[in-house]
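Below: coords-v9.cif (mmCIF, C-alpha atoms)
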```
data_model
loop_
_atom_site.label_atom_id
_atom_site.label_comp_id
_atom_site.auth_asym_id
_atom_site.auth_seq_id
_atom_site.Cartn_x
_atom_site.Cartn_y
_atom_site.Cartn_z
CA MET A 1 0.00 0.00 0.00
CA ILE A 2 2.79 2.39 0.90
CA GLU A 3 4.45 1.68 -2.45
CA TYR A 4 1.28 2.67 -4.30
CA ILE A 5 1.01 5.93 -2.33
CA ALA A 6 4.67 6.72 -3.06
CA SER A 7 4.10 6.09 -6.78
CA LEU A 8 1.07 8.37 -6.65
CA LEU A 9 3.24 11.11 -5.17
CA HIS A 10 5.65 10.69 -8.07
CA PHE A 11 2.98 11.17 -10.74
CA CYS A 12 1.20 13.93 -8.79
CA THR A 13 4.51 15.82 -8.66
CA ILE A 14 4.75 15.57 -12.45
CA ALA A 15 1.19 16.81 -12.90
CA LEU A 16 1.47 19.65 -10.40
CA THR A 17 4.73 21.07 -11.77
CA VAL A 18 2.98 21.60 -15.09
CA GLY A 19 -0.58 22.29 -13.98
CA ILE A 20 -0.06 24.86 -11.23
CA ASN A 21 2.51 26.86 -13.17
CA SER A 22 0.33 26.80 -16.29
CA VAL A 23 -2.64 28.19 -14.35
CA SER A 24 -0.70 31.21 -13.07
CA VAL A 25 1.01 31.82 -16.41
CA GLY A 26 -2.31 31.68 -18.25
CA ILE A 27 -3.86 34.20 -15.87
CA GLY A 28 -0.82 36.47 -16.11
CA GLU A 29 -0.82 36.40 -19.90
CA GLY A 30 -4.55 37.09 -19.96
CA LEU A 31 -4.15 40.13 -17.71
CA THR A 32 -1.32 41.43 -19.90
CA SER A 33 -3.39 40.99 -23.05
CA ARG A 34 -6.29 42.84 -21.47
CA ALA A 35 -3.99 45.71 -20.48
CA ALA A 36 -2.62 45.83 -24.03
CA LEU A 37 -6.12 46.12 -25.49
CA LYS A 38 -6.99 48.91 -23.07
CA ALA A 39 -3.78 50.74 -23.97
CA ILE A 40 -4.49 50.40 -27.71
CA ASP A 41 -7.98 51.74 -27.14
CA LYS A 42 -6.47 54.71 -25.34
CA GLN A 43 -3.70 55.34 -27.91
CA PRO A 44 -4.49 53.62 -31.26
CA SER A 45 -1.51 55.21 -32.99
CA ALA A 46 0.87 53.24 -30.74
CA LYS A 47 -0.76 49.86 -31.38
CA ASN A 48 2.36 48.30 -32.93
CA ASP A 49 4.60 49.28 -30.03
CA ILE A 50 2.02 48.17 -27.47
CA ALA A 51 1.59 44.83 -29.22
CA ARG A 52 5.36 44.32 -29.25
CA VAL A 53 5.58 45.01 -25.52
CA ALA A 54 2.68 42.66 -24.81
CA ILE A 55 4.18 39.82 -26.88
CA LEU A 56 7.64 40.09 -25.33
CA GLY A 57 6.10 40.48 -21.89
CA THR A 58 4.03 37.33 -22.25
CA ALA A 59 7.12 35.48 -23.50
CA LEU A 60 8.87 36.24 -20.21
CA ILE A 61 5.76 35.39 -18.20
CA GLU A 62 5.95 31.97 -19.86
CA THR A 63 9.21 31.24 -17.98
CA SER A 64 7.45 29.57 -15.04
CA ALA A 65 5.53 27.19 -17.30
CA ILE A 66 8.69 26.30 -19.23
CA MET A 67 10.51 25.50 -16.00
CA GLY A 68 7.61 23.33 -14.85
CA VAL A 69 7.45 21.41 -18.13
CA THR A 70 11.22 20.84 -18.09
CA ILE A 71 11.12 19.39 -14.59
CA ALA A 72 8.13 17.24 -15.54
CA PHE A 73 10.08 15.76 -18.46
CA PHE A 74 13.01 14.94 -16.17
CA LEU A 75 10.64 13.14 -13.82
CA LEU A 76 8.88 11.34 -16.65
CA LEU A 77 12.18 9.98 -17.91
CA GLY A 78 12.54 8.24 -14.57
CA SER A 79 8.97 6.95 -14.43
CA HIS A 80 9.93 3.66 -16.07
CA ASP A 81 11.93 2.85 -12.96
CA ILE A 82 8.88 2.87 -10.73
CA THR A 83 10.57 0.29 -8.53
CA GLN A 84 12.76 3.03 -7.04
CA SER A 85 12.62 3.20 -3.25
CA VAL A 86 9.63 4.62 -1.41
CA PRO A 87 11.78 7.35 0.22
CA ALA A 88 12.91 8.43 -3.26
CA ASN A 89 9.33 8.98 -4.40
CA ILE A 90 8.42 10.77 -1.19
CA ALA A 91 11.44 13.05 -1.57
CA GLU A 92 10.05 14.26 -4.90
CA VAL A 93 7.44 16.24 -2.97
CA GLY A 94 10.29 18.71 -2.45
CA ILE A 95 10.46 19.19 -6.22
CA ALA A 96 6.78 20.09 -6.36
CA LEU A 97 7.18 22.57 -3.51
CA SER A 98 10.22 24.29 -5.03
CA ILE A 99 8.72 24.68 -8.50
CA CYS A 100 5.01 25.13 -7.79
CA LEU A 101 5.17 27.67 -4.95
CA SER A 102 7.63 29.93 -6.73
CA GLY A 103 6.19 29.36 -10.21
CA PHE A 104 2.60 30.13 -9.22
CA ILE A 105 3.51 33.49 -7.69
CA ILE A 106 5.91 34.53 -10.44
CA GLY A 107 3.52 33.64 -13.23
CA LEU A 108 1.11 36.20 -11.82
CA ALA A 109 3.63 38.72 -10.47
CA SER A 110 5.70 39.06 -13.64
CA SER A 111 2.61 40.23 -15.51
CA LEU A 112 2.42 43.43 -13.44
CA PRO A 113 5.29 45.32 -15.15
CA ALA A 114 4.09 44.12 -18.57
CA GLN A 115 0.60 45.49 -17.92
CA GLU A 116 1.95 48.81 -16.69
CA ALA A 117 4.41 49.10 -19.60
CA CYS A 118 1.50 48.87 -22.06
CA MET A 119 -0.29 51.71 -20.30
CA SER A 120 2.92 53.78 -20.11
CA ILE A 121 3.38 53.53 -23.87
CA ALA A 122 -0.19 54.74 -24.30
CA ARG A 123 0.80 57.82 -22.27
CA GLN A 124 4.28 58.21 -23.79
CA PRO A 125 4.08 56.71 -27.33
CA PHE A 126 7.35 58.31 -28.49
CA PHE A 127 9.26 56.71 -25.61
CA ALA A 128 8.23 53.13 -26.44
CA ASP A 129 11.70 51.67 -27.02
CA LYS A 130 13.05 52.69 -23.62
CA ILE A 131 9.87 51.60 -21.85
CA LEU A 132 10.22 48.20 -23.53
CA ARG A 133 13.86 47.94 -22.50
CA PHE A 134 12.99 48.93 -18.96
CA MET A 135 10.19 46.36 -18.76
CA LEU A 136 12.42 43.55 -20.03
CA ILE A 137 15.06 44.32 -17.41
CA THR A 138 12.62 44.39 -14.49
CA GLN A 139 10.73 41.31 -15.70
CA SER A 140 13.96 39.36 -16.14
CA ILE A 141 15.00 40.07 -12.55
CA ILE A 142 11.58 38.91 -11.31
CA GLN A 143 12.35 35.47 -12.78
CA THR A 144 15.24 34.98 -10.32
CA PRO A 145 13.17 33.06 -7.71
CA ILE A 146 11.85 30.51 -10.22
CA ILE A 147 15.39 29.99 -11.54
CA PHE A 148 16.57 29.26 -7.99
CA GLY A 149 13.59 26.95 -7.52
CA PHE A 150 14.49 25.16 -10.75
CA ILE A 151 18.08 24.65 -9.61
CA ILE A 152 16.97 23.26 -6.25
CA ALA A 153 14.45 20.98 -7.99
CA LEU A 154 17.21 19.52 -10.17
CA LEU A 155 19.43 18.98 -7.15
CA ILE A 156 16.60 17.32 -5.23
CA ARG A 157 16.00 15.03 -8.20
CA SER A 158 19.65 14.03 -8.33
CA GLN A 159 19.71 13.31 -4.59
CA ALA A 160 16.26 11.69 -4.34
CA ILE A 161 17.25 8.60 -6.32
CA HIS A 162 19.78 7.80 -3.57
CA ALA A 163 17.38 8.34 -0.66
CA GLN A 164 16.98 5.21 1.44
CA THR A 165 15.30 6.50 4.60
CA LEU A 166 12.37 8.76 5.48
CA ALA A 167 14.83 11.09 7.18
CA GLN A 168 16.59 11.68 3.86
CA SER A 169 13.23 12.22 2.18
CA PHE A 170 12.19 14.84 4.73
CA MET A 171 15.57 16.55 4.34
CA LEU A 172 14.97 17.01 0.61
CA ILE A 173 11.36 18.07 1.18
CA ALA A 174 12.67 20.74 3.56
CA ALA A 175 14.98 22.02 0.80
CA GLY A 176 12.09 22.41 -1.62
CA LEU A 177 9.83 23.95 1.01
CA CYS A 178 12.46 26.51 1.99
CA ILE A 179 13.09 27.83 -1.53
CA GLY A 180 9.41 27.61 -2.46
CA LEU A 181 8.14 29.60 0.51
CA GLY A 182 11.18 31.86 0.36
CA SER A 183 10.28 32.90 -3.19
CA ILE A 184 6.85 34.29 -2.39
CA GLY A 185 7.71 37.51 -0.54
CA PRO A 186 10.62 38.64 -2.76
CA ALA A 187 8.66 37.82 -5.95
CA ILE A 188 5.71 39.94 -4.82
CA GLY A 189 8.04 42.74 -3.73
CA LEU A 190 9.93 42.71 -7.04
CA ALA A 191 6.66 42.81 -8.98
CA LEU A 192 5.23 45.71 -6.96
CA PHE A 193 8.40 47.68 -7.50
CA ALA A 194 8.61 46.88 -11.23
CA LYS A 195 4.99 47.89 -11.72
CA ASN A 196 5.54 51.31 -10.14
CA ALA A 197 8.83 51.80 -11.96
CA CYS A 198 7.18 51.20 -15.34
CA ARG A 199 4.34 53.50 -14.34
CA GLY A 200 6.91 56.15 -13.42
CA LEU A 201 8.21 56.21 -17.00
CA GLY A 202 4.68 56.92 -18.18
CA ILE A 203 4.44 59.79 -15.72
CA ASN A 204 7.79 61.41 -16.44
CA ARG A 205 10.02 60.09 -19.22
CA LYS A 206 12.75 62.60 -18.31
CA ALA A 207 13.36 60.66 -15.10
CA TYR A 208 14.55 57.61 -17.08
CA PRO A 209 18.25 57.79 -16.01
CA GLN A 210 17.35 58.08 -12.34
CA LEU A 211 14.73 55.36 -12.53
CA MET A 212 17.10 52.97 -14.29
CA SER A 213 19.93 53.33 -11.77
CA PHE A 214 17.54 53.11 -8.83
CA THR A 215 15.96 49.97 -10.30
CA PHE A 216 19.17 47.93 -10.32
CA ILE A 217 20.00 48.84 -6.73
CA SER A 218 16.51 48.34 -5.32
CA GLN A 219 15.76 45.07 -7.03
CA ALA A 220 19.06 43.68 -5.77
CA ILE A 221 18.07 44.61 -2.21
CA ILE A 222 14.52 43.26 -2.59
CA GLU A 223 15.70 39.84 -3.68
CA THR A 224 18.32 39.55 -0.94
CA PRO A 225 16.05 37.40 1.31
CA ILE A 226 15.77 34.72 -1.35
CA ILE A 227 19.56 34.39 -1.36
CA PHE A 228 19.27 33.41 2.30
CA ALA A 229 16.56 30.87 1.45
CA LEU A 230 18.72 29.44 -1.34
CA THR A 231 21.64 29.08 1.04
CA ILE A 232 19.57 27.15 3.59
CA SER A 233 18.15 24.92 0.85
CA LEU A 234 21.65 24.08 -0.36
CA MET A 235 22.66 23.26 3.20
CA PHE A 236 19.84 20.73 3.37
CA ILE A 237 20.83 19.09 0.11
CA PHE A 238 24.57 18.93 0.70
CA TYR A 239 24.51 18.06 4.37
CA GLY A 240 27.44 15.71 4.82
CA THR A 241 25.97 12.97 7.02
CA THR A 242 22.72 11.00 7.03
CA PRO A 243 20.29 12.78 9.39
CA THR A 244 18.15 11.13 12.01
CA LEU A 245 14.39 11.26 11.67
CA PHE A 246 14.20 13.81 14.51
CA ALA A 247 16.81 16.01 12.84
CA SER A 248 15.02 15.93 9.47
CA LEU A 249 11.72 16.95 11.10
CA THR A 250 13.53 19.79 12.83
CA TRP A 251 14.88 20.86 9.45
CA ILE A 252 11.34 21.13 8.10
CA ALA A 253 10.73 23.60 10.93
CA ALA A 254 13.90 25.42 9.85
CA ALA A 255 12.58 25.53 6.28
CA PHE A 256 9.34 27.09 7.51
CA CYS A 257 11.34 29.57 9.59
CA MET A 258 13.45 30.69 6.64
CA GLY A 259 10.67 30.58 4.06
CA ILE A 260 8.10 32.52 6.08
CA GLY A 261 10.87 34.81 7.32
CA THR A 262 11.33 36.18 3.79
CA LEU A 263 7.63 36.93 3.29
CA GLY A 264 7.38 40.18 5.24
CA PRO A 265 10.81 41.60 4.31
CA GLY A 266 10.32 40.81 0.60
CA ILE A 267 6.93 42.49 0.34
CA ALA A 268 7.80 45.41 2.64
CA SER A 269 11.07 46.12 0.84
CA GLY A 270 9.25 46.06 -2.50
CA LYS A 271 6.52 48.44 -1.29
CA THR A 272 9.13 50.82 0.15
CA ALA A 273 11.07 50.90 -3.11
CA ALA A 274 7.82 51.25 -5.09
CA ALA A 275 6.87 54.35 -3.10
CA ALA A 276 10.36 55.77 -3.61
CA VAL A 277 10.39 55.15 -7.37
CA HIS A 278 7.03 56.92 -7.67
CA GLN A 279 8.43 59.97 -5.91
CA ILE A 280 11.54 59.91 -8.09
CA ALA A 281 9.32 60.00 -11.18
CA LEU A 282 7.48 63.02 -9.81
CA GLN A 283 10.58 64.82 -8.46
CA PRO A 284 13.74 63.49 -10.17
CA LYS A 285 15.80 66.38 -8.80
CA TYR A 286 15.44 64.84 -5.35
CA TYR A 287 16.70 61.47 -6.53
CA SER A 288 19.71 61.40 -4.23
CA ASN A 289 17.74 62.05 -1.04
CA ILE A 290 14.88 59.73 -1.93
CA SER A 291 17.15 56.85 -2.92
CA LYS A 292 19.25 57.14 0.24
CA VAL A 293 16.19 57.06 2.49
CA SER A 294 14.72 54.13 0.57
CA MET A 295 17.89 52.04 0.65
CA PHE A 296 18.40 52.72 4.35
CA ALA A 297 14.84 51.62 5.10
CA GLN A 298 15.20 48.53 2.90
CA GLY A 299 18.41 47.60 4.69
CA LEU A 300 16.63 47.73 8.05
CA ILE A 301 13.72 45.69 6.67
CA ASP A 302 16.07 42.95 5.46
CA THR A 303 17.44 42.43 8.98
CA CYS A 304 14.26 40.43 9.69
CA ALA A 305 15.29 37.95 7.00
CA ILE A 306 18.76 37.78 8.55
CA TYR A 307 17.23 36.82 11.90
CA SER A 308 15.28 34.01 10.23
CA PHE A 309 18.42 32.87 8.47
CA LEU A 310 20.36 32.68 11.73
CA ILE A 311 17.66 30.68 13.52
CA ALA A 312 17.31 28.27 10.57
CA PHE A 313 21.09 27.91 10.40
CA PHE A 314 21.38 26.99 14.08
CA LEU A 315 18.43 24.60 13.85
CA ILE A 316 20.40 22.73 11.19
CA LEU A 317 23.70 22.71 13.04
CA LEU A 318 22.40 21.92 16.52
CA THR A 319 20.25 18.88 15.62
#
```

Would you write out, as structure tokens, the structure that this file holds?
Amino acid sequence: MIEYIASLLHFCTIALTVGINSVSVGIGEGLTSRAALKAIDKQPSAKNDIARVAILGTALIETSAIMGVTIAFFLLLGSHDITQSVPANIAEVGIALSICLSGFIIGLASSLPAQEACMSIARQPFFADKILRFMLITQSIIQTPIIFGFIIALLIRSQAIHAQTLAQSFMLIAAGLCIGLGSIGPAIGLALFAKNACRGLGINRKAYPQLMSFTFISQAIIETPIIFALTISLMFIFYGTTPTLFASLTWIAAAFCMGIGTLGPGIASGKTAAAAVHQIALQPKYYSNISKVSMFAQGLIDTCAIYSFLIAFFLILLT
């Protein structure tokens, strides 16, 4: 009976990595298309530029679905060996967590800058090329969490086939849970910032140099918490010795600690930077003061993620 349940987990993981990511990507692409139609209705003369932005934007939104399909193919290639150990199949739950949690959020979140870029071109039709370039940069950075999730999923897959105990299975599940949960806050924060940054170009195209430089700095700060989550996930995967069952359960608690610990800092840092980028668009001459205040506030916000990282780190070492 246990073998049948483990096999079911294997095939459910395959289905979920494609299905959940496809749902969010489909919604995100639909919202972008709707925004493009509204923008064309507002500024028909810019229909070609708006359509180009919408098409390229939806192509980047598709990243989550592509990652999910790729992982599903890797898992399908191993489906013929259904006699693999029960712990190996159970460990694949970590793959679903790493890809589905991050992919679902990013499929929706990465549509926000694409929607706003369409509306900005409707307001600034002669500035379409730079708005497009700006959107592509911000959207590309938003994909960072799903890329990390994809890397962890591949590592879990490579380690799962060697799992022989439930403790090893739970260790790999903890790795997927950590990066999956850890992606949510930073992804939302990055999207909120990117949306307001693209809107800022529509408000004041002369602020483009200031907005561009501020974007690179702020998005790097916003995604800092997910670096901590990635580090903890890698510690789970490359832990040198076989853990006890108690230790592996404690590590799941550590994964929750690190993953949830990035939620508040990621969103709060994104909202802080979004407010700052809006003010920079309105008053670019005050760029220096606004950016300094924003980065200082974001640095303080990220200390919460550092606390979570420290607690998760000691939970791993002391068990």

- Could you tell me which residues the PyMOL selection byres ((chain A and resi 306) around 10) returns for this structure, as a PyMOL selection string? chain A and resi 224-225+228+258+261-262+265+301-305+307-312

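You can rank A:Ala91, A:Val18, A:Ile237, A:Val25 by their closest distance to Leu108 of chain A using only C-alpha atoms, and at the top of that list sits A:Val25.
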
- Message: I'd like to see the residues matched by the PyMOL selection byres ((chain A and resi 174-184) around 8) on this file, and ideally I'd get them as a count of residues only.
- Response: 48

- Could you check which of A:Ala128, A:Ala114, A:Leu75, A:Met212 is closest to Ile161 of chain A, using only C-alpha atoms? A:Leu75

Residues returned when the PyMOL selection byres ((chain A and resi 279) around 12) runs on this file, as a PDB file with C-alpha atoms, keeping the file's coordinate frame:
```pdb
ATOM      1  CA  ASN A 196       5.540  51.310 -10.140  1.00  0.00           C
ATOM      2  CA  ALA A 197       8.830  51.800 -11.960  1.00  0.00           C
ATOM      3  CA  ARG A 199       4.340  53.500 -14.340  1.00  0.00           C
ATOM      4  CA  GLY A 200       6.910  56.150 -13.420  1.00  0.00           C
ATOM      5  CA  LEU A 201       8.210  56.210 -17.000  1.00  0.00           C
ATOM      6  CA  ILE A 203       4.440  59.790 -15.720  1.00  0.00           C
ATOM      7  CA  ASN A 204       7.790  61.410 -16.440  1.00  0.00           C
ATOM      8  CA  ALA A 207      13.360  60.660 -15.100  1.00  0.00           C
ATOM      9  CA  GLN A 210      17.350  58.080 -12.340  1.00  0.00           C
ATOM     10  CA  LEU A 211      14.730  55.360 -12.530  1.00  0.00           C
ATOM     11  CA  PHE A 214      17.540  53.110  -8.830  1.00  0.00           C
ATOM     12  CA  THR A 272       9.130  50.820   0.150  1.00  0.00           C
ATOM     13  CA  ALA A 273      11.070  50.900  -3.110  1.00  0.00           C
ATOM     14  CA  ALA A 274       7.820  51.250  -5.090  1.00  0.00           C
ATOM     15  CA  ALA A 275       6.870  54.350  -3.100  1.00  0.00           C
ATOM     16  CA  ALA A 276      10.360  55.770  -3.610  1.00  0.00           C
ATOM     17  CA  VAL A 277      10.390  55.150  -7.370  1.00  0.00           C
ATOM     18  CA  HIS A 278       7.030  56.920  -7.670  1.00  0.00           C
ATOM     19  CA  ILE A 280      11.540  59.910  -8.090  1.00  0.00           C
ATOM     20  CA  ALA A 281       9.320  60.000 -11.180  1.00  0.00           C
ATOM     21  CA  LEU A 282       7.480  63.020  -9.810  1.00  0.00           C
ATOM     22  CA  GLN A 283      10.580  64.820  -8.460  1.00  0.00           C
ATOM     23  CA  PRO A 284      13.740  63.490 -10.170  1.00  0.00           C
ATOM     24  CA  LYS A 285      15.800  66.380  -8.800  1.00  0.00           C
ATOM     25  CA  TYR A 286      15.440  64.840  -5.350  1.00  0.00           C
ATOM     26  CA  TYR A 287      16.700  61.470  -6.530  1.00  0.00           C
ATOM     27  CA  SER A 288      19.710  61.400  -4.230  1.00  0.00           C
ATOM     28  CA  ASN A 289      17.740  62.050  -1.040  1.00  0.00           C
ATOM     29  CA  ILE A 290      14.880  59.730  -1.930  1.00  0.00           C
ATOM     30  CA  SER A 291      17.150  56.850  -2.920  1.00  0.00           C
ATOM     31  CA  VAL A 293      16.190  57.060   2.490  1.00  0.00           C
ATOM     32  CA  SER A 294      14.720  54.130   0.570  1.00  0.00           C
TER      33      SER A 294
END
```

- How would you write as a count of residues only the residues that get within 7 Å of (1.9, 32.7, -13.5) in the file's frame, counting all atoms listed in the file? 17

- Item | For Ser120 of chain A, the nearest of the candidates A:Ser85, A:Ser218, A:Gln43, A:Gln143, counting only C-alpha atoms |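 Selected residue with least distance to Ser120 of chain A: A:Gln43.
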
- Query: Which value, in Å to one decimal, gives the distance between atom CA of Ala117 of chain A and atom CA of Gly270 of chain A?
  - Reply: 18.0 Å

- Task: Could you jot down the atom CA of Phe150 of chain A to atom CA of Glu92 of chain A separation for me, Å, one decimal place?
- Result: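 Atom-to-atom, atom CA of Phe150 of chain A and atom CA of Glu92 of chain A are spaced 13.1 Å apart.
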
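With atom CA of Thr63 of chain A on one side and atom CA of Leu136 of chain A on the other, the separation reads 12.9 Å.
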
- Task: Considering only C-alpha atoms, return as a list in words whatever protein or nucleic-acid residues lie within 9 Å of Leu112 of chain A, sequence-local ones (same chain, fewer than 5 positions apart) excluded.
- Result: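 The residues satisfying every condition are Gly28, Leu31, Thr32, Ala117, Gln139, Ala191, Leu192, Ala194 and Lys195 of chain A.
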
Go ahead and write the selection's residues with C-alpha atoms as a PDB file, in the frame of the given file.
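Output contents, as saved in again12.pdb:
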```pdb
ATOM      1  CA  GLY A  28      -0.820  36.470 -16.110  1.00  0.00           C
ATOM      2  CA  LEU A  31      -4.150  40.130 -17.710  1.00  0.00           C
ATOM      3  CA  THR A  32      -1.320  41.430 -19.900  1.00  0.00           C
ATOM      4  CA  ALA A 117       4.410  49.100 -19.600  1.00  0.00           C
ATOM      5  CA  GLN A 139      10.730  41.310 -15.700  1.00  0.00           C
ATOM      6  CA  ALA A 191       6.660  42.810  -8.980  1.00  0.00           C
ATOM      7  CA  LEU A 192       5.230  45.710  -6.960  1.00  0.00           C
ATOM      8  CA  ALA A 194       8.610  46.880 -11.230  1.00  0.00           C
ATOM      9  CA  LYS A 195       4.990  47.890 -11.720  1.00  0.00           C
TER      10      LYS A 195
END
```

With 4 Å of padding per side, what axis-aligned box (centre and edge lengths, Å, one decimal) covers all the listed atoms of segment 177-185 of chain A? Give it as lines of an AutoDock Vina configuration file.
```
center_x = 10.0
center_y = 30.7
center_z = -0.6
size_x = 14.2
size_y = 21.6
size_z = 13.2
```
